[in-house]
>>> print(open('query20.cif').read())   # mmCIF, C-alpha atoms
data_model
loop_
_atom_site.group_PDB
_atom_site.id
_atom_site.type_symbol
_atom_site.label_atom_id
_atom_site.label_comp_id
_atom_site.auth_asym_id
_atom_site.auth_seq_id
_atom_site.Cartn_x
_atom_site.Cartn_y
_atom_site.Cartn_z
ATOM 1 C CA MET A 1 112.683 106.613 131.699
ATOM 2 C CA ASP A 2 114.946 103.656 130.986
ATOM 3 C CA ASN A 3 117.909 103.853 128.610
ATOM 4 C CA HIS A 4 115.937 102.424 125.690
ATOM 5 C CA ALA A 5 113.205 105.057 126.055
ATOM 6 C CA VAL A 6 115.776 107.862 126.329
ATOM 7 C CA ASN A 7 117.594 106.653 123.192
ATOM 8 C CA HIS A 8 114.298 106.321 121.330
ATOM 9 C CA ALA A 9 113.229 109.864 122.252
ATOM 10 C CA ALA A 10 116.623 111.245 121.202
ATOM 11 C CA ASP A 11 116.376 109.334 117.923
ATOM 12 C CA ILE A 12 112.933 110.823 117.178
ATOM 13 C CA ASP A 13 114.189 114.333 118.032
ATOM 14 C CA ARG A 14 117.098 113.849 115.621
ATOM 15 C CA GLN A 15 114.729 112.658 112.899
ATOM 16 C CA VAL A 16 112.413 115.652 113.427
ATOM 17 C CA ARG A 17 115.346 118.044 112.970
ATOM 18 C CA GLY A 18 116.142 116.212 109.735
ATOM 19 C CA TYR A 19 112.522 116.616 108.544
ATOM 20 C CA MET A 20 112.799 120.399 108.941
ATOM 21 C CA VAL A 21 116.012 120.517 106.891
ATOM 22 C CA VAL A 22 114.389 118.391 104.168
ATOM 23 C CA PHE A 23 111.296 120.644 104.242
ATOM 24 C CA VAL A 24 113.373 123.767 103.590
ATOM 25 C CA ALA A 25 115.369 121.956 100.878
ATOM 26 C CA LEU A 26 112.178 120.835 99.117
ATOM 27 C CA LEU A 27 110.736 124.362 99.141
ATOM 28 C CA ALA A 28 114.030 125.808 97.898
ATOM 29 C CA MET A 29 114.223 123.283 95.055
ATOM 30 C CA THR A 30 110.612 124.036 94.100
ATOM 31 C CA ALA A 31 111.564 127.715 93.866
ATOM 32 C CA VAL A 32 114.565 126.825 91.682
ATOM 33 C CA THR A 33 112.408 124.660 89.369
ATOM 34 C CA VAL A 34 109.881 127.467 88.914
ATOM 35 C CA GLY A 35 112.619 130.106 88.543
ATOM 36 C CA VAL A 36 114.318 128.100 85.793
ATOM 37 C CA SER A 37 110.991 127.730 83.961
ATOM 38 C CA TYR A 38 110.849 131.532 83.584
ATOM 39 C CA LEU A 39 114.115 131.372 81.606
ATOM 40 C CA HIS A 40 112.099 129.659 78.839
ATOM 41 C CA LEU A 41 114.881 127.204 77.985
ATOM 42 C CA GLU A 42 114.733 124.931 74.950
ATOM 43 C CA VAL A 43 112.427 121.999 75.697
ATOM 44 C CA HIS A 44 115.159 119.366 75.984
ATOM 45 C CA HIS A 45 117.196 121.534 78.392
ATOM 46 C CA ALA A 46 114.060 122.362 80.395
ATOM 47 C CA ILE A 47 113.238 118.641 80.660
ATOM 48 C CA GLU A 48 116.759 117.830 81.881
ATOM 49 C CA VAL A 49 116.725 120.526 84.571
ATOM 50 C CA ALA A 50 113.160 119.831 85.738
ATOM 51 C CA LEU A 51 113.612 116.061 85.927
ATOM 52 C CA VAL A 52 116.960 116.243 87.732
ATOM 53 C CA ILE A 53 115.462 118.534 90.391
ATOM 54 C CA ALA A 54 112.259 116.440 90.629
ATOM 55 C CA CYS A 55 114.294 113.234 91.055
ATOM 56 C CA PHE A 56 116.350 114.880 93.804
ATOM 57 C CA LYS A 57 113.205 116.095 95.593
ATOM 58 C CA ALA A 58 111.586 112.651 95.306
ATOM 59 C CA SER A 59 114.757 111.048 96.694
ATOM 60 C CA LEU A 60 114.621 113.314 99.751
ATOM 61 C CA VAL A 61 110.973 112.408 100.394
ATOM 62 C CA LEU A 62 111.719 108.690 99.937
ATOM 63 C CA LEU A 63 114.836 108.663 102.092
ATOM 64 C CA PHE A 64 113.647 110.807 105.002
ATOM 65 C CA PHE A 65 109.846 111.111 105.109
ATOM 66 C CA MET A 66 109.332 107.499 103.973
ATOM 67 C CA HIS A 67 112.275 106.288 106.088
ATOM 68 C CA LEU A 68 114.032 104.428 103.262
ATOM 69 C CA ILE A 69 117.320 105.594 104.745
ATOM 70 C CA SER A 70 116.824 103.110 107.581
ATOM 71 C CA GLU A 71 114.556 100.567 105.865
ATOM 72 C CA ARG A 72 114.962 96.799 105.628
ATOM 73 C CA HIS A 73 116.317 94.742 102.741
ATOM 74 C CA VAL A 74 112.899 93.397 101.661
ATOM 75 C CA ILE A 75 111.623 96.885 100.800
ATOM 76 C CA PHE A 76 114.625 97.555 98.559
ATOM 77 C CA VAL A 77 114.021 94.254 96.719
ATOM 78 C CA ILE A 78 110.394 95.294 96.076
ATOM 79 C CA LEU A 79 111.498 98.747 94.916
ATOM 80 C CA ALA A 80 114.301 97.405 92.708
ATOM 81 C CA PHE A 81 111.805 95.296 90.726
ATOM 82 C CA THR A 82 109.397 98.242 90.547
ATOM 83 C CA VAL A 83 112.054 100.665 89.314
ATOM 84 C CA ALA A 84 113.207 98.169 86.654
ATOM 85 C CA PHE A 85 109.701 97.746 85.245
ATOM 86 C CA PHE A 86 109.002 101.489 85.562
ATOM 87 C CA LEU A 87 112.121 102.301 83.518
ATOM 88 C CA VAL A 88 111.022 99.861 80.806
ATOM 89 C CA LEU A 89 107.650 101.613 80.788
ATOM 90 C CA MET A 90 109.330 105.008 80.305
ATOM 91 C CA ILE A 91 112.071 104.020 77.861
ATOM 92 C CA LEU A 92 109.997 101.899 75.442
ATOM 93 C CA PRO A 93 107.775 104.771 74.234
ATOM 94 C CA ILE A 94 110.831 106.997 73.829
ATOM 95 C CA LEU A 95 112.636 104.343 71.755
ATOM 96 C CA THR A 96 109.615 103.739 69.548
ATOM 97 C CA ASN A 97 109.397 107.482 68.827
ATOM 98 C CA LEU A 98 113.101 108.146 68.213
ATOM 99 C CA ASP A 99 112.604 108.377 64.436
ATOM 100 C CA HIS A 100 110.173 111.320 64.645
ATOM 101 C CA ILE A 101 110.733 113.153 67.921
ATOM 102 C CA ARG A 102 109.366 116.686 67.675
ATOM 103 C CA VAL A 103 110.043 118.135 71.121
ATOM 104 C CA MET B 1 91.979 80.816 111.658
ATOM 105 C CA GLU B 2 94.657 78.852 109.887
ATOM 106 C CA GLY B 3 95.645 80.158 106.474
ATOM 107 C CA LEU B 4 95.044 83.820 107.259
ATOM 108 C CA ILE B 5 97.987 86.220 107.472
ATOM 109 C CA PRO B 6 98.048 87.186 111.159
ATOM 110 C CA TYR B 7 97.995 90.873 112.158
ATOM 111 C CA ILE B 8 101.217 91.662 113.986
ATOM 112 C CA THR B 9 102.418 94.851 115.627
ATOM 113 C CA GLU B 10 106.028 93.772 116.092
ATOM 114 C CA PRO B 11 108.335 93.103 113.103
ATOM 115 C CA ARG B 12 108.610 89.506 111.914
ATOM 116 C CA GLU B 13 111.947 87.802 112.506
ATOM 117 C CA ASP B 14 112.444 86.742 108.875
ATOM 118 C CA THR B 15 111.689 90.073 107.132
ATOM 119 C CA GLY B 16 112.336 92.494 109.985
ATOM 120 C CA LEU B 17 109.044 94.185 109.064
ATOM 121 C CA THR B 18 105.376 94.027 109.974
ATOM 122 C CA ASN B 19 103.088 92.464 107.366
ATOM 123 C CA GLY B 20 101.277 95.790 107.079
ATOM 124 C CA LYS B 21 104.414 97.622 106.005
ATOM 125 C CA ILE B 22 105.291 95.052 103.334
ATOM 126 C CA GLY B 23 101.671 95.253 102.196
ATOM 127 C CA ILE B 24 101.690 99.045 101.816
ATOM 128 C CA TRP B 25 105.006 98.986 99.907
ATOM 129 C CA LEU B 26 103.647 96.324 97.513
ATOM 130 C CA PHE B 27 100.564 98.499 97.045
ATOM 131 C CA LEU B 28 102.764 101.531 96.359
ATOM 132 C CA ALA B 29 104.720 99.465 93.814
ATOM 133 C CA SER B 30 101.453 98.840 91.951
ATOM 134 C CA GLU B 31 100.637 102.552 92.220
ATOM 135 C CA ILE B 32 104.016 103.453 90.709
ATOM 136 C CA MET B 33 103.171 101.253 87.721
ATOM 137 C CA LEU B 34 99.690 102.820 87.470
ATOM 138 C CA PHE B 35 101.056 106.356 87.295
ATOM 139 C CA GLY B 36 103.939 105.032 85.170
ATOM 140 C CA ALA B 37 101.393 103.992 82.538
ATOM 141 C CA PHE B 38 100.016 107.543 82.491
ATOM 142 C CA PHE B 39 103.491 109.095 82.270
ATOM 143 C CA ALA B 40 104.279 106.698 79.395
ATOM 144 C CA THR B 41 101.056 107.841 77.716
ATOM 145 C CA TYR B 42 102.168 111.458 78.171
ATOM 146 C CA ILE B 43 105.523 110.646 76.504
ATOM 147 C CA VAL B 44 103.839 108.883 73.563
ATOM 148 C CA MET B 45 101.310 111.687 73.078
ATOM 149 C CA ARG B 46 103.847 114.490 73.367
ATOM 150 C CA LEU B 47 106.460 112.906 71.114
ATOM 151 C CA GLY B 48 103.814 112.084 68.510
ATOM 152 C CA SER B 49 102.173 115.533 68.443
ATOM 153 C CA ASP B 50 102.978 118.239 65.911
ATOM 154 C CA VAL B 51 101.882 120.901 68.383
ATOM 155 C CA TRP B 52 102.177 120.736 72.172
ATOM 156 C CA PRO B 53 101.792 123.815 74.371
ATOM 157 C CA ARG B 54 104.498 124.724 76.844
ATOM 158 C CA GLY B 55 103.065 124.187 80.326
ATOM 159 C CA TRP B 56 103.343 127.842 81.376
ATOM 160 C CA GLU B 57 101.221 128.886 78.365
ATOM 161 C CA ALA B 58 98.283 126.750 79.458
ATOM 162 C CA GLN B 59 98.571 126.738 83.249
ATOM 163 C CA ASN B 60 98.622 129.167 86.151
ATOM 164 C CA VAL B 61 102.196 128.557 87.344
ATOM 165 C CA PRO B 62 101.929 130.622 90.589
ATOM 166 C CA LEU B 63 98.865 128.618 91.678
ATOM 167 C CA GLY B 64 100.608 125.354 90.797
ATOM 168 C CA THR B 65 103.645 126.473 92.781
ATOM 169 C CA VAL B 66 101.497 127.282 95.819
ATOM 170 C CA ASN B 67 99.877 123.853 95.528
ATOM 171 C CA THR B 68 103.297 122.205 95.411
ATOM 172 C CA ALA B 69 104.286 124.042 98.603
ATOM 173 C CA VAL B 70 100.978 123.034 100.217
ATOM 174 C CA LEU B 71 101.530 119.354 99.460
ATOM 175 C CA ILE B 72 105.165 119.439 100.624
ATOM 176 C CA THR B 73 104.026 121.099 103.871
ATOM 177 C CA SER B 74 101.367 118.406 104.316
ATOM 178 C CA SER B 75 104.072 115.750 104.019
ATOM 179 C CA VAL B 76 105.898 117.439 106.902
ATOM 180 C CA THR B 77 102.758 117.588 109.061
ATOM 181 C CA MET B 78 102.112 113.915 108.234
ATOM 182 C CA VAL B 79 105.549 112.801 109.370
ATOM 183 C CA MET B 80 105.227 115.047 112.441
ATOM 184 C CA ALA B 81 101.937 113.299 113.291
ATOM 185 C CA TRP B 82 103.788 109.974 113.283
ATOM 186 C CA ALA B 83 106.683 111.430 115.307
ATOM 187 C CA SER B 84 104.200 112.798 117.876
ATOM 188 C CA LEU B 85 102.814 109.301 118.425
ATOM 189 C CA GLU B 86 106.355 107.976 118.819
ATOM 190 C CA ARG B 87 106.743 110.645 121.529
ATOM 191 C CA SER B 88 103.409 109.468 123.080
ATOM 192 C CA ASP B 89 101.877 112.905 122.519
ATOM 193 C CA VAL B 90 98.379 112.171 121.234
ATOM 194 C CA LYS B 91 97.238 115.818 121.371
ATOM 195 C CA LYS B 92 100.018 116.873 119.014
ATOM 196 C CA PHE B 93 99.316 113.850 116.829
ATOM 197 C CA GLN B 94 95.724 115.047 116.430
ATOM 198 C CA MET B 95 96.887 118.583 115.672
ATOM 199 C CA PHE B 96 99.296 117.446 112.936
ATOM 200 C CA ALA B 97 96.814 114.905 111.512
ATOM 201 C CA ALA B 98 94.169 117.657 111.304
ATOM 202 C CA ALA B 99 96.701 119.970 109.632
ATOM 203 C CA THR B 100 97.500 117.251 107.077
ATOM 204 C CA VAL B 101 93.820 116.808 106.220
ATOM 205 C CA ALA B 102 93.323 120.591 106.074
ATOM 206 C CA LEU B 103 96.292 121.048 103.734
ATOM 207 C CA GLY B 104 94.915 118.262 101.524
ATOM 208 C CA ALA B 105 91.640 120.221 101.401
ATOM 209 C CA VAL B 106 93.524 123.426 100.499
ATOM 210 C CA PHE B 107 95.241 121.542 97.664
ATOM 211 C CA LEU B 108 91.852 120.377 96.320
ATOM 212 C CA VAL B 109 90.304 123.867 96.601
ATOM 213 C CA ILE B 110 93.186 125.340 94.580
ATOM 214 C CA LYS B 111 92.793 122.532 92.045
ATOM 215 C CA TYR B 112 89.059 123.335 91.854
ATOM 216 C CA ILE B 113 89.887 127.004 91.171
ATOM 217 C CA GLU B 114 92.268 125.962 88.400
ATOM 218 C CA TYR B 115 89.752 123.558 86.851
ATOM 219 C CA THR B 116 86.901 126.099 86.860
ATOM 220 C CA SER B 117 89.227 128.714 85.368
ATOM 221 C CA HIS B 118 90.014 126.270 82.528
ATOM 222 C CA PHE B 119 86.343 125.532 81.977
ATOM 223 C CA HIS B 120 85.521 129.267 81.806
ATOM 224 C CA GLU B 121 88.185 129.580 79.106
ATOM 225 C CA ASN B 122 86.554 126.678 77.259
ATOM 226 C CA MET B 123 89.486 124.355 77.959
ATOM 227 C CA TRP B 124 88.067 120.848 78.340
ATOM 228 C CA PRO B 125 89.581 117.368 78.277
ATOM 229 C CA ARG B 126 88.167 116.984 74.747
ATOM 230 C CA THR B 127 89.748 120.253 73.555
ATOM 231 C CA ASP B 128 93.182 118.817 72.770
ATOM 232 C CA THR B 129 95.538 115.994 73.703
ATOM 233 C CA TYR B 130 97.512 118.087 76.179
ATOM 234 C CA LEU B 131 94.367 118.963 78.137
ATOM 235 C CA ALA B 132 93.130 115.361 77.980
ATOM 236 C CA VAL B 133 96.404 114.213 79.541
ATOM 237 C CA TYR B 134 96.387 117.122 82.039
ATOM 238 C CA PHE B 135 92.862 116.482 83.320
ATOM 239 C CA THR B 136 93.335 112.696 83.444
ATOM 240 C CA MET B 137 96.611 112.790 85.383
ATOM 241 C CA THR B 138 95.690 115.588 87.783
ATOM 242 C CA GLY B 139 92.211 114.071 88.238
ATOM 243 C CA LEU B 140 93.659 110.677 89.149
ATOM 244 C CA HIS B 141 96.085 112.405 91.497
ATOM 245 C CA ALA B 142 93.221 114.367 93.122
ATOM 246 C CA LEU B 143 91.371 111.084 93.741
ATOM 247 C CA HIS B 144 94.472 109.857 95.583
ATOM 248 C CA VAL B 145 94.515 113.055 97.657
ATOM 249 C CA ILE B 146 90.852 112.475 98.598
ATOM 250 C CA PHE B 147 91.591 108.856 99.550
ATOM 251 C CA GLY B 148 94.604 109.891 101.640
ATOM 252 C CA MET B 149 92.558 112.608 103.370
ATOM 253 C CA SER B 150 89.877 110.020 104.234
ATOM 254 C CA VAL B 151 92.418 107.664 105.816
ATOM 255 C CA ASN B 152 94.186 110.470 107.698
ATOM 256 C CA GLY B 153 90.843 111.930 108.759
ATOM 257 C CA TYR B 154 89.858 108.572 110.196
ATOM 258 C CA PHE B 155 93.055 108.310 112.267
ATOM 259 C CA TRP B 156 92.774 111.953 113.356
ATOM 260 C CA LEU B 157 89.332 111.221 114.843
ATOM 261 C CA ALA B 158 89.795 107.583 115.928
ATOM 262 C CA GLY B 159 93.443 107.838 117.036
ATOM 263 C CA PRO B 160 92.702 108.713 120.678
ATOM 264 C CA SER B 161 90.374 105.666 120.951
ATOM 265 C CA TYR B 162 93.154 103.362 119.727
ATOM 266 C CA TRP B 163 95.519 104.970 122.237
ATOM 267 C CA ALA B 164 93.077 104.733 125.147
ATOM 268 C CA ALA B 165 92.382 101.067 124.337
ATOM 269 C CA GLY B 166 96.088 100.299 124.600
ATOM 270 C CA ASP B 167 96.551 99.627 120.863
ATOM 271 C CA ARG B 168 99.432 102.082 120.731
ATOM 272 C CA GLN B 169 101.841 100.224 118.458
ATOM 273 C CA LEU B 170 98.918 99.321 116.204
ATOM 274 C CA LEU B 171 98.079 103.026 115.788
ATOM 275 C CA ILE B 172 101.722 104.026 115.270
ATOM 276 C CA ASN B 173 102.149 101.369 112.552
ATOM 277 C CA ARG B 174 98.935 102.313 110.786
ATOM 278 C CA VAL B 175 99.717 106.044 110.856
ATOM 279 C CA GLU B 176 103.180 105.280 109.450
ATOM 280 C CA ASN B 177 101.612 103.243 106.632
ATOM 281 C CA ALA B 178 99.032 105.968 105.946
ATOM 282 C CA GLY B 179 101.968 108.389 105.850
ATOM 283 C CA LEU B 180 103.796 106.257 103.285
ATOM 284 C CA PHE B 181 100.767 106.551 101.001
ATOM 285 C CA TRP B 182 100.518 110.315 101.610
ATOM 286 C CA HIS B 183 104.202 110.859 100.809
ATOM 287 C CA PHE B 184 103.781 108.809 97.638
ATOM 288 C CA VAL B 185 100.964 111.170 96.587
ATOM 289 C CA ASP B 186 103.379 114.054 97.244
ATOM 290 C CA ILE B 187 106.078 112.418 95.080
ATOM 291 C CA VAL B 188 103.625 111.949 92.199
ATOM 292 C CA TRP B 189 102.847 115.691 92.344
ATOM 293 C CA ILE B 190 106.568 116.526 92.465
ATOM 294 C CA PHE B 191 106.766 114.999 88.961
ATOM 295 C CA LEU B 192 103.336 116.099 87.689
ATOM 296 C CA PHE B 193 104.007 119.771 88.463
ATOM 297 C CA PRO B 194 107.023 120.275 86.166
ATOM 298 C CA VAL B 195 105.719 117.871 83.509
ATOM 299 C CA LEU B 196 102.322 119.585 83.134
ATOM 300 C CA TYR B 197 103.049 123.189 84.260
ATOM 301 C CA LEU B 198 106.652 123.983 83.404
ATOM 302 C CA LEU B 199 107.819 121.993 80.348
#
>>> encode(input="query20.cif", output="structure tokens")
Amino acid sequence: MDNHAVNHAADIDRQVRGYMVVFVALLAMTAVTVGVSYLHLEVHHAIEVALVIACFKASLVLLFFMHLISERHVIFVILAFTVAFFLVLMILPILTNLDHIRV
Amino acid sequence: MEGLIPYITEPREDTGLTNGKIGIWLFLASEIMLFGAFFATYIVMRLGSDVWPRGWEAQNVPLGTVNTAVLITSSVTMVMAWASLERSDVKKFQMFAAATVALGAVFLVIKYIEYTSHFHENMWPRTDTYLAVYFTMTGLHALHVIFGMSVNGYFWLAGPSYWAAGDRQLLINRVENAGLFWHFVDIVWIFLFPVLYLL
């Protein structure tokens, strides 16, 4: 094998080790999310905890399984626009309901 | 033919990406907005309701937890299928691709058990707003699982033919793109599970 092939194989091996770490982390965070749900917290506290953990899990999947950690600029531009519009989609209904939230 | 976007297996100089990868990310962006609309609907419905059940009252949390683990595991087998191709190991690729499809099937079987359990308890989409949102969002997600299984199933069976024909980079790129879709389906469930089962 030439140097390029050797480096490529080593790079894939390193990535595979990373996938296993992420796998264990995702399972552990799932266990934490479920464990916290059995504490029967107030709804607003439960939402905070669940969404923080879910966002962290999603970030791990995006960064490592979907390779965003080593992705090109164009993908981040696409995602930045998407995230901006997604946030508008989430925040608008919350704002319009602020006067009678019953959670 | 002039005017068509050419299929390329090597990244373009200007974007540093293949057209296929930009295409799948644009598609995923539209999918984020699709599910975003349903999450926004959930927020509107929940904030506007006088009564809304806590997820654990209406759902089987242990089964939902198992399904979450199943989908996370399938994401690992998916990425391992891609890594196997990068290592030029087609046999392992087929093994991991088959495992991904099988885990997708396990997810759907568990979902079927949950659905039939709801129906036996007379819990239908028309019963209340929570159940309408639950069945709509998990149903749409299940359709995505079925679509992802179909794509992965195709590459599991046809992958060796691509490889034998010398279209190796083509197969690697397509499996990576199929994987991006599969991981997106996993991410959607990562949010659906707490929203519908735990809150």
>>> residues_around(input="query20.cif", residues="region 34-45 of chain A", least_positions_apart="2", cutoff="7 Å", atoms="only C-alpha atoms", output="list in words")
Thr30, Ala31, Val32, Ile47, Glu48, Val49 and Val103 of chain A; Leu198 and Leu199 of chain B
>>> residues_around(input="query20.cif", residues="Pro93 (chain A)", least_positions_apart="3", cutoff="9 Å", atoms="all atoms listed in the file", output="PDB file with C-alpha atoms, keeping the file's coordinate frame")
ATOM      1  CA  VAL A  88     111.022  99.861  80.806  1.00  0.00           C
ATOM      2  CA  LEU A  89     107.650 101.613  80.788  1.00  0.00           C
ATOM      3  CA  MET A  90     109.330 105.008  80.305  1.00  0.00           C
ATOM      4  CA  THR A  96     109.615 103.739  69.548  1.00  0.00           C
ATOM      5  CA  ASN A  97     109.397 107.482  68.827  1.00  0.00           C
ATOM      6  CA  LEU A  98     113.101 108.146  68.213  1.00  0.00           C
TER       7      LEU A  98
ATOM      8  CA  ALA B  40     104.279 106.698  79.395  1.00  0.00           C
ATOM      9  CA  THR B  41     101.056 107.841  77.716  1.00  0.00           C
ATOM     10  CA  ILE B  43     105.523 110.646  76.504  1.00  0.00           C
ATOM     11  CA  VAL B  44     103.839 108.883  73.563  1.00  0.00           C
ATOM     12  CA  LEU B  47     106.460 112.906  71.114  1.00  0.00           C
TER      13      LEU B  47
END
>>> closest_atom_pairs(input="query20.cif", of="region 35-113 of chain B", to="region 66-84 of chain A", cutoff="12 Å", atoms="all atoms listed in the file", output="JSON lines")
{"residue": "B:Gly36", "atom": "CA", "partner": "A:Val83", "partner_atom": "CA", "distance": 10.1}
{"residue": "B:Ser75", "atom": "CA", "partner": "A:Met66", "partner_atom": "CA", "distance": 9.8}
{"residue": "B:Val76", "atom": "CA", "partner": "A:Met66", "partner_atom": "CA", "distance": 10.9}
{"residue": "B:Met78", "atom": "CA", "partner": "A:Met66", "partner_atom": "CA", "distance": 10.6}
{"residue": "B:Val79", "atom": "CA", "partner": "A:Met66", "partner_atom": "CA", "distance": 8.5}
{"residue": "B:Trp82", "atom": "CA", "partner": "A:Met66", "partner_atom": "CA", "distance": 11.1}
{"residue": "B:Ala83", "atom": "CA", "partner": "A:His67", "partner_atom": "CA", "distance": 11.9}
>>> resolve_selection(input="query20.cif", expression="the PyMOL selection byres ((chain B and resi 105) around 12)", output="ChimeraX atom specification")
/B:67,70-71,74,98-104,106-112,142-143,145-150,152-153
>>> resolve_selection(input="query20.cif", expression="the PyMOL selection byres ((chain B and resi 130) around 9)", output="list in words")
Tyr42, Met45, Arg46, Trp52, Pro53, Pro125, Thr127, Asp128, Thr129, Leu131, Ala132, Val133, Tyr134, Phe135 and Leu196 of chain B
>>> closest_residue(input="query20.cif", among="B:Thr136, B:Glu10, B:Ile190, B:Ala97", to="Arg168 (chain B)", atoms="all atoms listed in the file")
B:Glu10
